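Below is one structure, written out as structure tokens, with a few remarks after it.
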Amino acid sequence: MSYAFYLIISGIFINNFVLSQFLGICPFLGVSKKTETALGMGIAVIFVMGVASVVTYALNLLLVAANIQYLQTIVFILVIASLIQLLEIVLKKFAPSLYSALGVYLPLITTNCAVLGVAIMNVTSLANQTIFYAFLNGIASGAGFTVAIMILAGIREKMETSDIPEAFKGFPITLITASIMAMSFAAFGSLSF
Amino acid sequence: MKNKLRLTIEPFTNGIAKNNATFRLMLGTCPTLAVTTAAMNGLTMGLATTFVLLCSNFIISLLRNVIPGKVRIPAYILIIATFVTVVDMVMNKFLPELHETLGLFIPLIVVNCIIMARAESFASHNAPLPSVMDGLGVGLGFTLALTLIGLVREFLGAGAFFGIEIPVVADFAMTIFIMPAGAFLVYGFLLVLFNVAVNAFQKKKVAEAQGGQAK
């Protein structure tokens with residue numbers, strides 16, 4: 001139980017996917033102009049990372065049983081890509097309201113390295129390897145991504161009205177903002193369990 | 001003949017300067033920030049990506065008339081993932097230390113958006129030779145950018161140059177530059193410098209054009 005708690009706190013704050021592990025930077029910088037879209041993207045990521053963690057973890061057991069772990073990267077990325085496509089179809093059919101909220105973000109997640117990253121981490125560096133912890137790790141890491149992107153989007157909304165030097169406009173100022181966020185998140189690193 | 005040569009060379013030079021993945025298109029930001037704690041790491045990551053890009057561009061270009069449009073994305077992913085696995089295995093065997101340092105980011109080359117972007121926008125409708133040149137150019141542009149960021153971070157954060165400690169500078173090393181916050185900061189400020197340079201260049205060009213008209 002305490003390990004589950006550790007996973008959640010660690011995924012959201014200590015080992016924040018975006019700010020300390022550099023996974024999912026593209027959507028973090030690209031979809032963080034408005035808090036609304038950032039929230040949509042965040043929820044879609046939590047959802048996909050949770051499902052992908054379970055599926056890839058189970059598949060890895062098969063790969064290990066057949067002694068073909070070297071196919072890991074290929075299998076994982078194909079499964080994630082098709083899983084996202086499948087999710088899109090299922091959501092469209094059975095949960096149209098959820099689909100209309102998350103639909104546009106789903107295709108973007110295929111190239112979000114956070115999903116493949118968490119799938120690989122689950123089978124290589126997770127201390128207690130069970131399918132439940134893998135699922136929890138996926139959800140917590142997704143939540144960490146959401147927290148980071150929401151904070152950045154909030155700051156960027158405020159920055160719209162401020163007077164920024166020409167050369168800093170757009171990406172540079174966003175990166176510098178992210179840097180200050182990373183400094184404050186680094187403080188969580190001193191938490192120990 | 002001259003035209004043909006230009007068509008071969010242009011993708012290469014464009015990839016390095018005009019369409020630089022890191023400083024112009026902001027693609028592949030994850031490895032850019034994650035592995036550039038030292039110049040050597042950046043260089044290795046860049047070369048690994050270049051290899052994958054070169055091979056995948058070549059194969060995709062060869063198969064461009066065979067792959068049906070509807071399943072092209074999964075087909076590209078499969079081709080890219082194959083070469084990434086090759087890189088992963090080769091590095092594991094011959095460069096175990098670097099493989100350890102770069103860790104997770106070697107398999108993650110698969111989802112590097114640069115490779116997908118080049119496959120989709122260049123290799124899928126160009127002949128093999130220009131595609132290879134494009135892969136080489138974009139890859140080397142990425143490598144240069146990663147090495148540059150790595151150099152700056154290593155110099156400021158560890159007071160070293162390609163792993164060799166510089167006597168006086170090392171005493172004033174600021175660890176923050178090899179921490180995550182430093183990655184964002186260095187990339188941000190390098191982009192600013194790049195923007196300033198590009199703006200100045202464009203202004204000069206405009207001024208020259210106007211000067212020419214006045215005459």
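Following the order of the structure tokens, first chain is A, next is B, and so on, with residues numbered from 1 inside each chain and ligands from 1 in the order they appear.
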
Could you list, as a ChimeraX atom specification, every residue of chain A that has an atom within 7 Å of an atom of chain B, counting only C-alpha atoms? /A:19-20,22-26,73-74,111-113,117,167-168,172-173,175-176,178-180,182-183

Set the distance at 12 Å and use only C-alpha atoms: which residues neighbour Val55 of chain A once local chain neighbours fewer than 2 positions away are removed? I'd like the list as a ChimeraX atom specification. /A:48-53,57-62,75-80,82-84,115-116,118-120,122-123,131-132,134-135,138

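We find atom CA of Ala127 of chain B and atom CA of Leu146 of chain B to be spaced 28.4 Å apart.
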
Residue neighbourhood Ile115 of chain B, 9 Å, only C-alpha atoms, exclusion window fewer than 6 positions, as a ChimeraX atom specification: /B:28,49,52-53,56-57,80,109,135,139

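Comparing B:Asn20, B:Thr13, B:Thr44, B:Thr50 by their smallest distance to His99 of chain B, the closest is B:Thr44 (using only C-alpha atoms).
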
Hey, what's within 9 Å of Phe28 of chain A if we count only C-alpha atoms and toss same-chain stuff fewer than 5 positions away? As an mmCIF file with N, CA and C atoms, in the first residue's frame, please?
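Result file out_39.cif:
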data_model
loop_
_atom_site.group_PDB
_atom_site.id
_atom_site.type_symbol
_atom_site.label_atom_id
_atom_site.label_comp_id
_atom_site.auth_asym_id
_atom_site.auth_seq_id
_atom_site.Cartn_x
_atom_site.Cartn_y
_atom_site.Cartn_z
ATOM 1 N N VAL A 18 7.369 15.527 -17.192
ATOM 2 C CA VAL A 18 7.791 16.605 -18.078
ATOM 3 C C VAL A 18 8.996 17.336 -17.509
ATOM 4 N N ALA A 38 -5.291 22.490 -22.612
ATOM 5 C CA ALA A 38 -4.278 21.785 -21.830
ATOM 6 C C ALA A 38 -4.931 20.717 -20.967
ATOM 7 N N PHE A 145 1.995 14.815 -15.835
ATOM 8 C CA PHE A 145 1.991 15.568 -17.094
ATOM 9 C C PHE A 145 0.899 16.632 -17.064
ATOM 10 N N ALA A 148 1.734 19.594 -14.808
ATOM 11 C CA ALA A 148 2.737 20.465 -15.407
ATOM 12 C C ALA A 148 2.145 21.302 -16.537
ATOM 13 N N ILE A 149 1.376 20.670 -17.427
ATOM 14 C CA ILE A 149 0.868 21.399 -18.596
ATOM 15 C C ILE A 149 -0.182 22.432 -18.170
ATOM 16 N N LEU A 152 1.707 25.475 -16.768
ATOM 17 C CA LEU A 152 2.315 26.239 -17.857
ATOM 18 C C LEU A 152 1.255 27.017 -18.637
ATOM 19 N N ALA A 153 0.111 26.349 -18.906
ATOM 20 C CA ALA A 153 -0.948 27.007 -19.667
ATOM 21 C C ALA A 153 -1.476 28.208 -18.898
#

So the first atom is atom CA of Ala143 of chain A and the second is atom CA of Ser125 of chain A; what is the distance between them in Å, to one decimal place?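 Interatomic distance, atom CA of Ala143 of chain A to atom CA of Ser125 of chain A: 19.2 Å.
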